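Student: Here you go, this is start-v6.txt (compact mmCIF, C-alpha atoms and all ligand atoms).
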# COMPACT_ATOMS: atom_id res chain seq x y z
CA MET A 1 -32.49 -13.03 -4.93
CA THR A 2 -32.20 -9.30 -5.74
CA LYS A 3 -35.52 -7.52 -5.32
CA GLU A 4 -36.71 -5.70 -8.45
CA PHE A 5 -37.58 -2.03 -8.14
CA THR A 6 -39.35 0.20 -10.64
CA LEU A 7 -36.83 2.98 -11.25
CA PRO A 8 -37.24 6.21 -13.22
CA GLU A 9 -35.76 6.10 -16.69
CA VAL A 10 -32.21 7.17 -16.19
CA GLU A 11 -29.00 5.86 -17.58
CA ILE A 12 -26.13 4.67 -15.45
CA PRO A 13 -23.13 3.17 -17.26
CA ARG A 14 -21.71 -0.19 -16.31
CA LYS A 15 -18.34 0.48 -17.87
CA VAL A 16 -16.54 3.81 -17.69
CA PRO A 17 -13.12 4.87 -18.92
CA ILE A 18 -10.45 4.86 -16.24
CA ALA A 19 -7.60 7.30 -16.78
CA MET A 20 -4.28 5.51 -16.67
CA HIS A 21 -0.89 7.15 -16.71
CA ASN A 22 2.64 5.90 -17.02
CA PHE A 23 4.15 5.35 -13.59
CA THR A 24 7.51 6.74 -14.71
CA ASP A 25 5.92 10.01 -15.91
CA PHE A 26 5.11 10.81 -12.30
CA PHE A 27 7.38 8.72 -10.06
CA LYS A 28 11.00 9.37 -10.91
CA GLY A 29 14.19 7.63 -9.94
CA PHE A 30 12.72 4.45 -8.49
CA GLU A 31 14.43 2.25 -11.08
CA ARG A 32 17.79 3.24 -9.56
CA LEU A 33 17.00 2.17 -6.00
CA PRO A 34 18.67 -1.02 -4.76
CA ALA A 35 15.44 -1.82 -2.85
CA VAL A 36 13.42 -1.70 -6.08
CA ARG A 37 16.08 -3.60 -8.02
CA SER A 38 15.92 -6.29 -5.34
CA ILE A 39 12.26 -6.78 -6.32
CA PHE A 40 12.50 -6.92 -10.11
CA GLY A 41 16.21 -7.55 -10.82
CA ASP A 42 17.21 -7.05 -14.45
CA GLU A 43 13.56 -6.52 -15.36
CA THR A 44 13.32 -3.35 -13.25
CA GLU A 45 13.38 -0.85 -16.14
CA ASN A 46 10.96 -2.93 -18.21
CA VAL A 47 8.45 -3.44 -15.42
CA LEU A 48 8.45 0.19 -14.30
CA SER A 49 8.20 1.51 -17.87
CA GLU A 50 5.12 -0.70 -18.43
CA LEU A 51 3.53 0.05 -15.06
CA LYS A 52 0.36 2.14 -15.15
CA VAL A 53 -0.95 4.37 -12.39
CA GLU A 54 -4.49 5.55 -11.73
CA PHE A 55 -5.12 8.56 -9.48
CA PHE A 56 -8.26 9.01 -7.43
CA SER A 57 -9.32 12.00 -5.39
CA SER A 58 -10.98 10.53 -2.28
CA LYS A 59 -9.63 11.53 1.11
CA PHE A 60 -9.77 7.90 2.13
CA GLY A 61 -7.12 5.42 1.23
CA TYR A 62 -3.48 5.77 0.28
CA MET A 63 -2.08 3.50 -2.41
CA GLY A 64 -2.91 0.07 -3.69
CA VAL A 65 -2.50 -2.37 -6.55
CA SER A 66 -5.39 -3.59 -8.69
CA ASP A 67 -5.89 -7.34 -8.37
CA GLU A 68 -7.45 -7.31 -11.85
CA ASP A 69 -4.50 -6.07 -13.91
CA GLY A 70 -1.77 -5.11 -11.43
CA HIS A 71 -1.80 -1.34 -11.98
CA LEU A 72 -1.07 1.09 -9.18
CA ILE A 73 -3.92 3.10 -7.63
CA VAL A 74 -2.93 6.25 -5.76
CA SER A 75 -4.86 8.89 -3.82
CA ALA A 76 -4.17 12.42 -5.09
CA TYR A 77 -5.13 13.66 -1.61
CA TYR A 78 -2.50 11.43 0.00
CA LEU A 79 0.14 12.63 -2.46
CA ARG A 80 -0.68 16.20 -1.49
CA GLU A 81 -1.02 15.77 2.27
CA GLY A 82 0.98 12.64 3.17
CA GLU A 83 4.35 12.57 4.93
CA PRO A 84 7.18 12.27 2.38
CA VAL A 85 8.70 9.25 4.16
CA SER A 86 5.31 7.48 4.32
CA LYS A 87 4.66 8.06 0.64
CA TYR A 88 8.17 6.83 -0.20
CA LEU A 89 7.79 3.64 1.86
CA ASP A 90 4.30 3.05 0.45
CA VAL A 91 5.63 3.12 -3.13
CA ILE A 92 8.24 0.50 -2.19
CA HIS A 93 5.50 -1.56 -0.50
CA GLU A 94 3.19 -1.35 -3.51
CA LEU A 95 5.95 -2.27 -5.95
CA VAL A 96 6.33 -5.54 -4.04
CA HIS A 97 2.60 -6.13 -4.70
CA VAL A 98 3.18 -5.33 -8.40
CA LYS A 99 5.78 -8.10 -8.47
CA GLN A 100 3.48 -10.49 -6.57
CA PHE A 101 0.70 -9.82 -9.08
CA ARG A 102 3.07 -10.51 -11.98
CA ASP A 103 4.00 -13.79 -10.30
CA GLY A 104 0.33 -14.76 -10.19
CA LYS A 105 -0.11 -14.51 -6.44
CA ALA A 106 -3.48 -13.63 -4.94
CA LEU A 107 -2.98 -10.19 -3.43
CA PHE A 108 -6.02 -10.19 -1.19
CA ASP A 109 -6.20 -13.70 0.26
CA ASP A 110 -9.15 -13.54 2.64
CA ASN A 111 -7.98 -16.66 4.42
CA TYR A 112 -5.62 -14.33 6.27
CA GLU A 113 -6.25 -11.20 8.25
CA TYR A 114 -4.36 -8.19 6.88
CA HIS A 115 -1.67 -8.23 9.60
CA ASN A 116 -0.95 -11.94 8.97
CA ARG A 117 -1.28 -12.08 5.17
CA PRO A 118 1.95 -13.36 3.58
CA THR A 119 1.74 -10.93 0.62
CA GLU A 120 1.42 -8.00 3.05
CA LEU A 121 4.23 -9.19 5.30
CA GLU A 122 6.53 -9.54 2.28
CA ALA A 123 5.66 -5.99 1.13
CA TYR A 124 6.08 -4.54 4.61
CA LYS A 125 9.35 -6.40 5.16
CA LEU A 126 11.07 -4.57 2.31
CA ALA A 127 9.51 -1.24 3.30
CA VAL A 128 10.71 -1.73 6.89
CA GLU A 129 14.26 -2.53 5.72
CA GLU A 130 14.22 0.64 3.64
CA ALA A 131 12.75 2.64 6.53
CA ARG A 132 15.59 1.54 8.82
CA ARG A 133 18.12 2.32 6.13
CA VAL A 134 16.89 5.92 5.91
CA GLY A 135 17.04 6.21 9.71
CA MET A 136 13.55 5.48 10.99
CA SER A 137 13.38 4.25 14.57
CA ASP A 138 11.13 1.38 15.66
CA ARG A 139 8.89 3.88 17.38
CA GLU A 140 8.53 5.91 14.18
CA LEU A 141 7.94 2.71 12.22
CA PHE A 142 5.15 1.78 14.61
CA GLU A 143 3.54 5.18 13.92
CA TYR A 144 3.94 4.61 10.17
CA LEU A 145 2.07 1.30 10.45
CA LYS A 146 -1.01 2.93 11.95
CA VAL A 147 -3.77 3.16 9.34
CA ASP A 148 -7.48 3.67 9.77
CA TRP A 149 -8.53 0.13 8.83
CA MET A 150 -6.48 -1.56 11.58
CA SER A 151 -7.19 -1.46 15.28
CA GLU A 152 -4.35 -0.60 17.66
CA GLU A 153 -4.22 -4.31 18.59
CA GLU A 154 -3.87 -5.35 14.94
CA VAL A 155 -1.13 -2.77 14.36
CA ARG A 156 0.70 -4.25 17.37
CA LYS A 157 0.39 -7.74 15.91
CA LEU A 158 1.62 -6.52 12.51
CA ALA A 159 4.58 -4.77 14.15
CA LYS A 160 5.42 -7.95 16.04
CA ASN A 161 5.23 -10.01 12.82
CA LEU A 162 7.71 -7.56 11.27
CA GLY A 163 10.15 -7.59 14.19
CA ILE A 164 9.43 -3.98 15.14
CA LYS A 165 9.87 -3.30 18.84
CA VAL A 166 6.71 -1.83 20.26
CA THR A 167 6.52 0.15 23.47
CA PRO A 168 4.14 -1.59 25.91
CA LYS A 169 0.77 0.16 25.99
CA ARG A 170 1.06 1.44 29.56
CA ALA A 171 4.62 2.72 29.17
CA GLN A 172 3.69 4.46 25.93
CA GLU A 173 0.87 6.30 27.65
CA ARG A 174 3.25 7.49 30.37
CA VAL A 175 5.73 8.79 27.80
CA ARG A 176 3.18 11.12 26.25
ZN ZN A 201 -0.06 -4.00 0.96
Take the structure in this file and express it as structure tokens.

Tutor:
Amino acid sequence: MTKEFTLPEVEIPRKVPIAMHNFTDFFKGFERLPAVRSIFGDETENVLSELKVEFFSSKFGYMGVSDEDGHLIVSAYYLREGEPVSKYLDVIHELVHVKQFRDGKALFDDNYEYHNRPTELEAYKLAVEEARRVGMSDRELFEYLKVDWMSEEEVRKLAKNLGIKVTPKRAQERVR
């Protein structure tokens, strides 16, 4: 059904090299964390030493996992500008997706909205546990959950799904 256009003679590649790096060359110490060991168990060292990471430079986006081969995709901008605790929790979150991919789960099941998707809730659950362990309050967690692709209402639903206490909208406005 695609309409055919007469284009000037230029060349645009279909396949380009993607620069992959070893996760452990850039992200250090994760194999020692109980939270990470709870994901991969005895395989932790093996999985992390095999894990590849691709950096991209767009201002948009944070971190993700490829649903084609399970490698990590990370924004260089986010690494530079992001809050340390957010970046830390995001790595934990993404490592859960790495495990899910290895287990053959569909990472982006469109039958669910993001805030209800089981793979997301599992990833957030471990990140939330870790956040509480390092001293994050529910209010701070709620702020952490806010990302540009979710509406305030969706963030509230996600927080509720994760057992994070959310200040009622009105009360929150008064606090500020
Ligand atoms: Zn996720």

Student: Go ahead and compute the interatomic distance for CA of Met63 in chain A and CA of Val91 in chain A, in Å to one decimal.

Tutor: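 Pair CA of Met63 in chain A / CA of Val91 in chain A returns 7.8 Å.
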
Student: With all atoms listed in the file counted, collect every polymer residue having an atom within 9 Å of ligand ZN 201 (chain A); state the result as number ranges by chain.

Tutor: A: 63-65, 90, 93-94, 96-97, 107-108, 114, 119-124

Student: Restricting the calculation to only C-alpha atoms: of A:Gly104, A:Asn22, A:Glu113, A:Glu4, which residue gets closest to His71 in chain A?

Tutor: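 So, comparing all the options, the nearest one is A:Asn22.
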
Student: Which residues are close to Thr44 in chain A, i.e. within 12 Å by only C-alpha atoms, leaving aside same-chain residues fewer than 3 positions away? Reply as a list in words.

Tutor: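 Near neighbours after the sequence-gap exclusion: Thr24, Gly29, Phe30, Glu31, Arg32, Leu33, Pro34, Ala35, Val36, Arg37, Ser38, Ile39, Phe40, Gly41, Val47, Leu48, Ser49, Glu50, Leu51, Leu95, Val96, Val98 and Lys99 of chain A.
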
Student: Please determine an axis-aligned box that encloses all atoms of range 145-164 of chain A listed in the file, with 5 Å added on each side, and express its centre and edge lengths in Å to one decimal as lines of an AutoDock Vina configuration file.

Tutor:
center_x = 0.8
center_y = -3.2
center_z = 13.7
size_x = 28.7
size_y = 23.7
size_z = 19.8

Student: Pick out the residues sitting within 7 Å of range 142-157 of chain A, and hand them over as a VMD selection string; count all atoms listed in the file, and ignore anything fewer than 6 positions along from it in its own chain.

Tutor: chain A and resid 86 115 166

Student: Any chance you could export the current selection's C-alpha atoms as a compact mmCIF listing (two decimals), in the frame of the given file?

Tutor:
# COMPACT_ATOMS: atom_id res chain seq x y z
CA SER A 86 5.31 7.48 4.32
CA HIS A 115 -1.67 -8.23 9.60
CA VAL A 166 6.71 -1.83 20.26

Student: How many Å lie between CA of Ser75 in chain A and CA of Ile92 in chain A, rounded to one decimal?

Tutor: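 Taking CA of Ser75 in chain A and CA of Ile92 in chain A, their separation equals 15.6 Å.
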
Student: Would you mind reading off the distance between CA of Ala131 in chain A and CA of Ala159 in chain A, one decimal, in Å?

Tutor: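 Distance reported for this atom pair: 13.4 Å.
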
Student: Please identify all polymer residues within 9 Å of Tyr78 in chain A, counting all atoms listed in the file, omitting same-chain residues fewer than 5 positions from it, and present them as a PyMOL selection string.

Tutor: chain A and resi 57-63+83+87

Student: With only C-alpha atoms as the atoms that count, which of A:Phe101, A:Lys169, A:Lys125, A:Phe26 lies nearest to Ala76 in chain A?

Tutor: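 Smallest separation from Ala76 in chain A among the options: A:Phe26.
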
Student: Could you write range 76-101 of chain A as a compact mmCIF listing (two decimals), in the coordinates of the input, with N, CA, C and O atoms rebuilt where they are missing?

Tutor:
# COMPACT_ATOMS: atom_id res chain seq x y z
N ALA A 76 -4.75 11.09 -4.84
CA ALA A 76 -4.17 12.42 -5.09
C ALA A 76 -4.11 13.21 -3.78
O ALA A 76 -3.18 13.98 -3.53
N TYR A 77 -5.10 12.99 -2.91
CA TYR A 77 -5.13 13.66 -1.61
C TYR A 77 -3.92 13.24 -0.77
O TYR A 77 -3.25 14.08 -0.16
N TYR A 78 -3.65 11.94 -0.77
CA TYR A 78 -2.50 11.43 0.00
C TYR A 78 -1.19 11.98 -0.55
O TYR A 78 -0.29 12.35 0.20
N LEU A 79 -1.08 12.07 -1.87
CA LEU A 79 0.14 12.63 -2.46
C LEU A 79 0.34 14.07 -2.01
O LEU A 79 1.46 14.52 -1.78
N ARG A 80 -0.76 14.79 -1.87
CA ARG A 80 -0.68 16.20 -1.49
C ARG A 80 -0.40 16.37 -0.01
O ARG A 80 0.39 17.21 0.40
N GLU A 81 -1.06 15.54 0.82
CA GLU A 81 -1.02 15.77 2.27
C GLU A 81 -0.13 14.79 3.04
O GLU A 81 0.17 15.04 4.21
N GLY A 82 0.25 13.69 2.44
CA GLY A 82 0.98 12.64 3.17
C GLY A 82 2.40 13.04 3.52
O GLY A 82 2.99 13.91 2.89
N GLU A 83 2.95 12.37 4.55
CA GLU A 83 4.35 12.57 4.93
C GLU A 83 5.24 12.01 3.82
O GLU A 83 5.00 10.90 3.35
N PRO A 84 6.30 12.77 3.44
CA PRO A 84 7.18 12.27 2.38
C PRO A 84 7.70 10.85 2.63
O PRO A 84 7.70 10.01 1.74
N VAL A 85 8.13 10.58 3.88
CA VAL A 85 8.70 9.25 4.16
C VAL A 85 7.63 8.17 4.04
O VAL A 85 7.90 7.07 3.55
N SER A 86 6.39 8.47 4.44
CA SER A 86 5.31 7.48 4.32
C SER A 86 5.01 7.19 2.85
O SER A 86 4.86 6.03 2.46
N LYS A 87 4.96 8.24 2.06
CA LYS A 87 4.66 8.06 0.64
C LYS A 87 5.77 7.23 -0.02
O LYS A 87 5.50 6.32 -0.80
N TYR A 88 7.02 7.55 0.36
CA TYR A 88 8.17 6.83 -0.20
C TYR A 88 8.09 5.34 0.15
O TYR A 88 8.19 4.48 -0.74
N LEU A 89 7.84 5.04 1.42
CA LEU A 89 7.79 3.64 1.86
C LEU A 89 6.58 2.92 1.24
O LEU A 89 6.66 1.73 0.91
N ASP A 90 5.49 3.65 1.06
CA ASP A 90 4.30 3.05 0.45
C ASP A 90 4.57 2.65 -1.01
O ASP A 90 4.08 1.61 -1.46
N VAL A 91 5.31 3.47 -1.74
CA VAL A 91 5.63 3.12 -3.13
C VAL A 91 6.44 1.82 -3.15
O VAL A 91 6.14 0.90 -3.92
N ILE A 92 7.44 1.73 -2.27
CA ILE A 92 8.24 0.50 -2.19
C ILE A 92 7.32 -0.70 -1.89
O ILE A 92 7.40 -1.74 -2.55
N HIS A 93 6.46 -0.52 -0.90
CA HIS A 93 5.50 -1.56 -0.50
C HIS A 93 4.64 -1.99 -1.69
O HIS A 93 4.50 -3.19 -1.98
N GLU A 94 4.09 -1.02 -2.40
CA GLU A 94 3.19 -1.35 -3.51
C GLU A 94 3.93 -2.02 -4.66
O GLU A 94 3.36 -2.87 -5.35
N LEU A 95 5.18 -1.64 -4.87
CA LEU A 95 5.95 -2.27 -5.95
C LEU A 95 6.16 -3.75 -5.67
O LEU A 95 6.22 -4.57 -6.59
N VAL A 96 6.26 -4.11 -4.39
CA VAL A 96 6.33 -5.54 -4.04
C VAL A 96 5.02 -6.23 -4.47
O VAL A 96 5.04 -7.33 -5.03
N HIS A 97 3.88 -5.56 -4.26
CA HIS A 97 2.60 -6.13 -4.70
C HIS A 97 2.54 -6.24 -6.23
O HIS A 97 1.94 -7.17 -6.76
N VAL A 98 3.14 -5.26 -6.93
CA VAL A 98 3.18 -5.33 -8.40
C VAL A 98 3.89 -6.62 -8.83
O VAL A 98 3.43 -7.36 -9.70
N LYS A 99 5.01 -6.88 -8.17
CA LYS A 99 5.78 -8.10 -8.47
C LYS A 99 4.95 -9.36 -8.14
O LYS A 99 4.90 -10.31 -8.93
N GLN A 100 4.30 -9.34 -6.98
CA GLN A 100 3.48 -10.49 -6.57
C GLN A 100 2.38 -10.75 -7.60
O GLN A 100 2.11 -11.90 -7.96
N PHE A 101 1.75 -9.67 -8.07
CA PHE A 101 0.70 -9.82 -9.08
C PHE A 101 1.26 -10.46 -10.34
O PHE A 101 0.67 -11.37 -10.92
